[in-house]
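Trainee: Got start_4.txt for you, compact mmCIF, C-alpha atoms:
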# COMPACT_ATOMS: atom_id res chain seq x y z
CA MET A 60 -20.54 9.11 -16.27
CA GLU A 61 -19.62 6.03 -18.33
CA ASN A 62 -18.45 8.22 -21.23
CA LYS A 63 -16.40 10.37 -18.88
CA ILE A 64 -14.73 7.26 -17.43
CA ARG A 65 -13.89 5.95 -20.93
CA GLU A 66 -12.58 9.39 -21.96
CA THR A 67 -10.42 9.57 -18.82
CA ALA A 68 -9.02 6.10 -19.55
CA ARG A 69 -8.07 7.12 -23.11
CA LYS A 70 -6.56 10.37 -21.89
CA LEU A 71 -4.51 8.89 -19.05
CA PHE A 72 -3.50 5.51 -20.46
CA SER A 73 -3.90 6.03 -24.21
CA ALA A 74 -5.95 2.85 -24.20
CA GLU A 75 -9.56 1.76 -24.20
CA TYR A 76 -11.15 1.26 -20.79
CA ASP A 77 -11.91 -2.41 -21.47
CA LYS A 78 -8.20 -3.14 -22.06
CA LEU A 79 -7.06 -1.75 -18.70
CA THR A 80 -6.14 -3.93 -15.73
CA LYS A 81 -8.51 -4.04 -12.75
CA HIS A 82 -6.16 -1.76 -10.80
CA GLU A 83 -6.01 0.77 -13.64
CA LYS A 84 -9.82 0.72 -13.92
CA HIS A 85 -10.08 1.28 -10.17
CA VAL A 86 -7.73 4.28 -10.43
CA VAL A 87 -9.65 5.69 -13.43
CA HIS A 88 -12.88 5.57 -11.43
CA HIS A 89 -11.31 7.41 -8.51
CA ILE A 90 -9.74 10.05 -10.75
CA THR A 91 -12.97 10.57 -12.68
CA GLU A 92 -15.07 10.78 -9.52
CA ARG A 93 -12.41 12.91 -7.77
CA THR A 94 -12.45 10.63 -4.72
CA PRO A 95 -9.51 9.56 -2.56
CA ILE A 96 -8.14 6.09 -3.15
CA SER A 97 -6.30 5.67 0.13
CA GLU A 98 -7.81 3.26 2.61
CA ASN A 99 -6.61 0.92 5.34
CA VAL A 100 -6.84 -2.39 3.46
CA ILE A 101 -5.21 -4.34 6.30
CA GLN A 102 -7.78 -3.13 8.84
CA ASP A 103 -10.62 -4.01 6.45
CA TYR A 104 -9.11 -7.47 5.90
CA THR A 105 -8.50 -8.03 9.62
CA GLU A 106 -12.10 -7.13 10.48
CA LYS A 107 -13.33 -9.95 8.20
CA LEU A 108 -11.27 -12.69 9.87
CA THR A 109 -13.13 -15.55 11.52
CA PHE A 110 -12.66 -16.46 15.18
CA GLY A 111 -10.46 -19.42 14.20
CA GLN A 112 -8.26 -17.26 11.98
CA ARG A 113 -7.79 -14.68 14.72
CA MET A 114 -6.93 -17.44 17.21
CA ALA A 115 -4.43 -18.95 14.76
CA ASP A 116 -2.77 -15.55 14.37
CA LYS A 117 -2.54 -15.17 18.16
CA VAL A 118 -1.10 -18.69 18.56
CA ALA A 119 1.44 -18.01 15.79
CA SER A 120 2.29 -14.66 17.34
CA PHE A 121 2.81 -16.22 20.77
CA GLY A 122 4.69 -19.21 19.29
CA GLY A 123 7.19 -16.88 17.69
CA SER A 124 7.89 -14.77 20.73
CA TRP A 125 10.57 -14.70 23.41
CA THR A 126 7.86 -15.23 26.00
CA PHE A 127 7.04 -18.59 24.43
CA ILE A 128 10.70 -19.59 24.28
CA ILE A 129 11.31 -18.66 27.93
CA VAL A 130 8.14 -20.40 29.15
CA PHE A 131 9.01 -23.44 27.04
CA ILE A 132 12.53 -23.64 28.50
CA ILE A 133 11.15 -23.30 32.04
CA VAL A 134 8.58 -26.07 31.44
CA LEU A 135 11.23 -28.37 29.93
CA ALA A 136 13.63 -27.72 32.79
CA ALA A 137 10.85 -28.31 35.35
CA TRP A 138 9.87 -31.54 33.60
CA VAL A 139 13.44 -32.85 33.64
CA ILE A 140 14.08 -31.77 37.25
CA LEU A 141 10.76 -33.20 38.44
CA ASN A 142 11.27 -36.58 36.74
CA SER A 143 14.99 -36.94 37.31
CA PHE A 144 15.49 -35.61 40.82
CA ILE A 145 12.43 -34.58 42.85
CA LEU A 146 10.14 -37.59 42.37
CA ILE A 147 13.01 -40.09 42.79
CA ARG A 148 14.24 -38.39 46.00
CA MET A 149 10.74 -38.40 47.39
CA GLY A 150 10.70 -42.15 46.96
CA SER A 151 8.00 -42.22 44.31
CA ARG A 152 8.36 -43.40 40.81
CA SER A 153 8.76 -40.71 38.11
CA PHE A 154 5.96 -40.69 35.53
CA ASP A 155 8.43 -40.04 32.64
CA PRO A 156 11.89 -41.38 33.43
CA TYR A 157 14.95 -40.66 31.31
CA PRO A 158 14.98 -40.66 28.13
CA TYR A 159 11.68 -38.78 28.62
CA ILE A 160 9.58 -40.61 26.02
CA PHE A 161 6.33 -39.00 27.17
CA LEU A 162 7.95 -35.54 26.93
CA ASN A 163 9.02 -36.34 23.37
CA LEU A 164 5.45 -37.38 22.56
CA VAL A 165 4.04 -34.15 24.00
CA LEU A 166 6.62 -32.06 22.14
CA SER A 167 5.85 -33.88 18.88
CA MET A 168 2.13 -33.27 19.34
CA ILE A 169 2.73 -29.58 20.07
CA ALA A 170 4.91 -29.28 16.95
CA ALA A 171 2.34 -31.18 14.85
CA ILE A 172 -0.41 -28.78 15.91
CA GLN A 173 1.66 -25.61 15.96
CA ALA A 174 3.22 -26.00 12.48
CA PRO A 175 -0.03 -25.87 10.44
CA ILE A 176 -1.36 -23.04 12.63
CA ILE A 177 1.78 -21.01 11.93
CA MET A 178 1.55 -21.83 8.22
CA MET A 179 -2.09 -20.65 8.13
CA SER A 180 -1.06 -17.42 9.81
CA GLN A 181 1.86 -16.96 7.40
CA ASN A 182 -0.45 -17.53 4.43
CA ARG A 183 -2.81 -14.88 5.76
CA GLN A 184 0.12 -12.51 6.32
CA ALA A 185 1.28 -13.11 2.74
CA HIS A 186 -2.26 -12.35 1.53
CA LYS A 187 -2.31 -9.15 3.60
CA ASP A 188 1.06 -8.18 2.12
CA ARG A 189 -0.28 -8.76 -1.41
CA LEU A 190 -3.38 -6.65 -0.66
CA SER A 191 -1.18 -3.90 0.73
CA ALA A 192 1.17 -4.02 -2.25
CA GLU A 193 -1.73 -3.89 -4.72
CA HIS A 194 -3.24 -0.96 -2.87
CA ASP A 195 0.13 0.82 -2.75
CA TYR A 196 0.39 0.34 -6.52
CA GLU A 197 -3.04 1.90 -7.05
CA VAL A 198 -2.26 4.85 -4.78
CA ASN A 199 1.10 5.41 -6.48
CA LEU A 200 -0.45 5.11 -9.94
CA LYS A 201 -3.16 7.62 -9.08
CA ALA A 202 -0.60 10.01 -7.61
CA GLU A 203 1.60 9.68 -10.68
CA LEU A 204 -1.33 10.29 -13.05
CA GLU A 205 -2.49 13.28 -11.01
CA ILE A 206 1.04 14.73 -11.10
CA ILE A 207 1.18 14.23 -14.87
CA ALA A 208 -2.20 15.97 -15.20
CA LEU A 209 -0.95 18.86 -13.04
CA HIS A 210 2.17 19.18 -15.21
CA GLN A 211 -0.02 19.30 -18.31
CA LYS A 212 -2.22 21.99 -16.76
CA ILE A 213 0.81 24.04 -15.72
CA ASP A 214 2.35 23.65 -19.19
CA SER A 215 -0.96 24.70 -20.75
CA LEU A 216 -1.23 27.73 -18.47
CA ARG A 217 2.37 28.69 -19.19
CA GLN A 218 1.74 28.41 -22.95
CA GLU A 219 -1.37 30.59 -22.59
CA GLN A 220 0.64 33.15 -20.64
CA TRP A 221 3.36 33.13 -23.30
CA ASN A 222 0.76 33.64 -26.01
CA GLU A 223 -0.80 36.50 -24.04
CA LEU A 224 2.62 38.02 -23.41
CA ILE A 225 3.50 37.82 -27.10
CA ALA A 226 0.15 39.36 -28.03
CA ILE A 227 0.73 42.22 -25.56
CA GLN A 228 4.26 42.70 -26.87
CA GLU A 229 3.00 42.83 -30.47
CA GLU A 230 0.34 45.34 -29.42
CA HIS A 231 3.00 47.45 -27.68
CA SER A 232 5.22 47.24 -30.75
CA THR A 233 2.34 48.37 -32.95
CA LEU A 234 1.56 51.26 -30.60
CA LEU A 235 5.24 52.26 -30.47
CA LYS A 236 5.43 52.17 -34.24
CA GLN A 237 2.32 54.35 -34.48
CA LEU A 238 3.79 56.71 -31.90
CA VAL A 239 7.08 56.94 -33.80
CA ASP A 240 5.19 57.51 -37.07
CA ASN A 241 3.08 60.21 -35.40
CA LEU A 242 6.23 61.89 -34.03
CA LYS A 243 7.81 61.84 -37.48
CA THR A 244 4.68 63.33 -38.96
CA VAL A 245 4.56 66.04 -36.31
CA LYS A 246 8.28 66.84 -36.80
CA GLY A 247 7.85 66.86 -40.57
CA ASN A 248 4.97 69.33 -40.33
CA ASN A 249 6.95 71.61 -38.01
CA HIS A 250 9.84 72.01 -40.45
In structure tokens, write the structure found in this file.

Mentor:
Amino acid sequence: MENKIRETARKLFSAEYDKLTKHEKHVVHHITERTPISENVIQDYTEKLTFGQRMADKVASFGGSWTFIIVFIIVLAAWVILNSFILIRMGSRSFDPYPYIFLNLVLSMIAAIQAPIIMMSQNRQAHKDRLSAEHDYEVNLKAELEIIALHQKIDSLRQEQWNELIAIQEEHSTLLKQLVDNLKTVKGNNH
């Protein structure tokens, strides 16, 4: 099998197997073994995520949604209304009077926690994109090499057919010549 892989590498890439990139080697193996190269790399990657990574992705997904923005606006509005109007009208002291210093602290803490979580999720997404792009390259390379091989086979078959056609035509020409010569001989003997 090793010799077949090396032969396939020389045939497809005009290079030694050891000089190929890891993606080219991967494609050579799949072509030699006649196995499909397509797979769901994102699903495989996602299945290997830890609990913390999955939670970070969910937090980042929620943090970048309209639901989060709407809920956040409602909470902010409720905070301001509660501290500026309701608690004062009820005669009690508001726990965070204007300029809402405690609210600013809470928002700062949320931003301080949310930012690295979103960055972790973005880094994972970038990694998934790279995996997907590398896999797409391998699939495209294999497809291109298979198409080239098919073209070579078709060209070879067409050349064989042309050679056979020429051989048949030469044989027909020889038979016609013999037939004409025989007719001449028969006519010559009759006169």

Trainee: For the atom pair atom CA of Ala119 of chain A and atom CA of Ile177 of chain A, what is the interatomic distance in Å to one decimal place?

Mentor: 4.9 Å

Trainee: For segment 88-101 of chain A, find every residue with an atom within 12 Å (counting all atoms listed in the file), except residues of its own chain fewer than 5 positions away, and show them as a PyMOL selection string.

Mentor: chain A and resi 60-68+70-71+76+79+81-83+106-108+183-206+208

Trainee: Report, in Å with one decimal, the straight-line distance from atom CA of Ser153 of chain A to atom CA of Thr126 of chain A.

Mentor: 28.2 Å

Trainee: What's the separation between atom CA of Asn142 of chain A and atom CA of Tyr157 of chain A, in Å to one decimal place?

Mentor: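 If I compute the distance from atom CA of Asn142 of chain A to atom CA of Tyr157 of chain A, I get 7.7 Å.
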
Trainee: Since the input is missing atoms, can you rebuild all heavy atoms for segment 194-205 of chain A and write them as a short mmCIF file (atom, residue, chain, number, x, y, z; two decimals), in the coordinates of the input?

Mentor:
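Saved the output as selection.cif:
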data_model
loop_
_atom_site.label_atom_id
_atom_site.label_comp_id
_atom_site.auth_asym_id
_atom_site.auth_seq_id
_atom_site.Cartn_x
_atom_site.Cartn_y
_atom_site.Cartn_z
N HIS A 194 -2.68 -2.27 -3.21
CA HIS A 194 -3.24 -0.96 -2.87
C HIS A 194 -2.18 0.14 -3.02
O HIS A 194 -2.47 1.22 -3.54
CB HIS A 194 -3.80 -0.97 -1.45
CG HIS A 194 -4.45 0.31 -1.08
ND1 HIS A 194 -5.61 0.76 -1.66
CD2 HIS A 194 -4.08 1.27 -0.20
CE1 HIS A 194 -5.93 1.93 -1.15
NE2 HIS A 194 -5.02 2.27 -0.26
N ASP A 195 -0.97 -0.14 -2.58
CA ASP A 195 0.13 0.82 -2.75
C ASP A 195 0.33 1.15 -4.23
O ASP A 195 0.56 2.30 -4.60
CB ASP A 195 1.43 0.30 -2.15
CG ASP A 195 1.43 0.31 -0.64
OD1 ASP A 195 0.54 0.94 -0.04
OD2 ASP A 195 2.33 -0.32 -0.05
N TYR A 196 0.24 0.12 -5.08
CA TYR A 196 0.39 0.34 -6.52
C TYR A 196 -0.70 1.29 -7.03
O TYR A 196 -0.41 2.22 -7.77
CB TYR A 196 0.32 -1.00 -7.27
CG TYR A 196 0.19 -0.83 -8.76
CD1 TYR A 196 1.28 -0.41 -9.53
CD2 TYR A 196 -1.02 -1.05 -9.40
CE1 TYR A 196 1.16 -0.23 -10.89
CE2 TYR A 196 -1.15 -0.87 -10.76
CZ TYR A 196 -0.07 -0.47 -11.50
OH TYR A 196 -0.20 -0.29 -12.85
N GLU A 197 -1.94 1.04 -6.60
CA GLU A 197 -3.04 1.90 -7.05
C GLU A 197 -2.86 3.33 -6.57
O GLU A 197 -3.06 4.28 -7.34
CB GLU A 197 -4.38 1.34 -6.55
CG GLU A 197 -4.81 0.08 -7.25
CD GLU A 197 -6.11 -0.48 -6.70
OE1 GLU A 197 -6.64 0.06 -5.69
OE2 GLU A 197 -6.61 -1.46 -7.28
N VAL A 198 -2.48 3.50 -5.32
CA VAL A 198 -2.26 4.85 -4.78
C VAL A 198 -1.13 5.54 -5.54
O VAL A 198 -1.25 6.70 -5.93
CB VAL A 198 -1.97 4.80 -3.26
CG1 VAL A 198 -1.49 6.14 -2.75
CG2 VAL A 198 -3.19 4.34 -2.49
N ASN A 199 -0.04 4.83 -5.76
CA ASN A 199 1.10 5.41 -6.48
C ASN A 199 0.73 5.75 -7.92
O ASN A 199 1.14 6.79 -8.44
CB ASN A 199 2.29 4.46 -6.45
CG ASN A 199 2.90 4.33 -5.08
OD1 ASN A 199 2.70 5.17 -4.22
ND2 ASN A 199 3.62 3.24 -4.85
N LEU A 200 -0.03 4.85 -8.57
CA LEU A 200 -0.45 5.11 -9.94
C LEU A 200 -1.33 6.34 -10.01
O LEU A 200 -1.15 7.20 -10.88
CB LEU A 200 -1.18 3.88 -10.50
CG LEU A 200 -1.69 3.99 -11.94
CD1 LEU A 200 -0.52 4.22 -12.89
CD2 LEU A 200 -2.46 2.73 -12.31
N LYS A 201 -2.29 6.44 -9.09
CA LYS A 201 -3.16 7.62 -9.08
C LYS A 201 -2.35 8.89 -8.85
O LYS A 201 -2.55 9.90 -9.52
CB LYS A 201 -4.25 7.49 -8.02
CG LYS A 201 -5.21 8.67 -8.06
CD LYS A 201 -6.33 8.57 -7.06
CE LYS A 201 -7.27 9.74 -7.26
NZ LYS A 201 -7.69 10.36 -6.06
N ALA A 202 -1.43 8.84 -7.89
CA ALA A 202 -0.60 10.01 -7.61
C ALA A 202 0.22 10.40 -8.84
O ALA A 202 0.31 11.58 -9.19
CB ALA A 202 0.31 9.74 -6.42
N GLU A 203 0.79 9.41 -9.49
CA GLU A 203 1.60 9.68 -10.68
C GLU A 203 0.74 10.30 -11.79
O GLU A 203 1.15 11.28 -12.42
CB GLU A 203 2.23 8.38 -11.18
CG GLU A 203 3.14 8.55 -12.36
CD GLU A 203 3.78 7.24 -12.79
OE1 GLU A 203 3.70 6.24 -12.05
OE2 GLU A 203 4.36 7.22 -13.89
N LEU A 204 -0.45 9.76 -12.00
CA LEU A 204 -1.33 10.29 -13.05
C LEU A 204 -1.79 11.70 -12.70
O LEU A 204 -1.89 12.56 -13.58
CB LEU A 204 -2.52 9.36 -13.26
CG LEU A 204 -2.18 7.99 -13.86
CD1 LEU A 204 -3.39 7.08 -13.83
CD2 LEU A 204 -1.62 8.13 -15.26
N GLU A 205 -2.08 11.93 -11.43
CA GLU A 205 -2.49 13.28 -11.01
C GLU A 205 -1.34 14.27 -11.20
O GLU A 205 -1.56 15.41 -11.62
CB GLU A 205 -2.95 13.27 -9.54
CG GLU A 205 -4.22 12.51 -9.29
CD GLU A 205 -5.49 13.22 -9.74
OE1 GLU A 205 -5.41 14.34 -10.30
OE2 GLU A 205 -6.56 12.66 -9.53
#
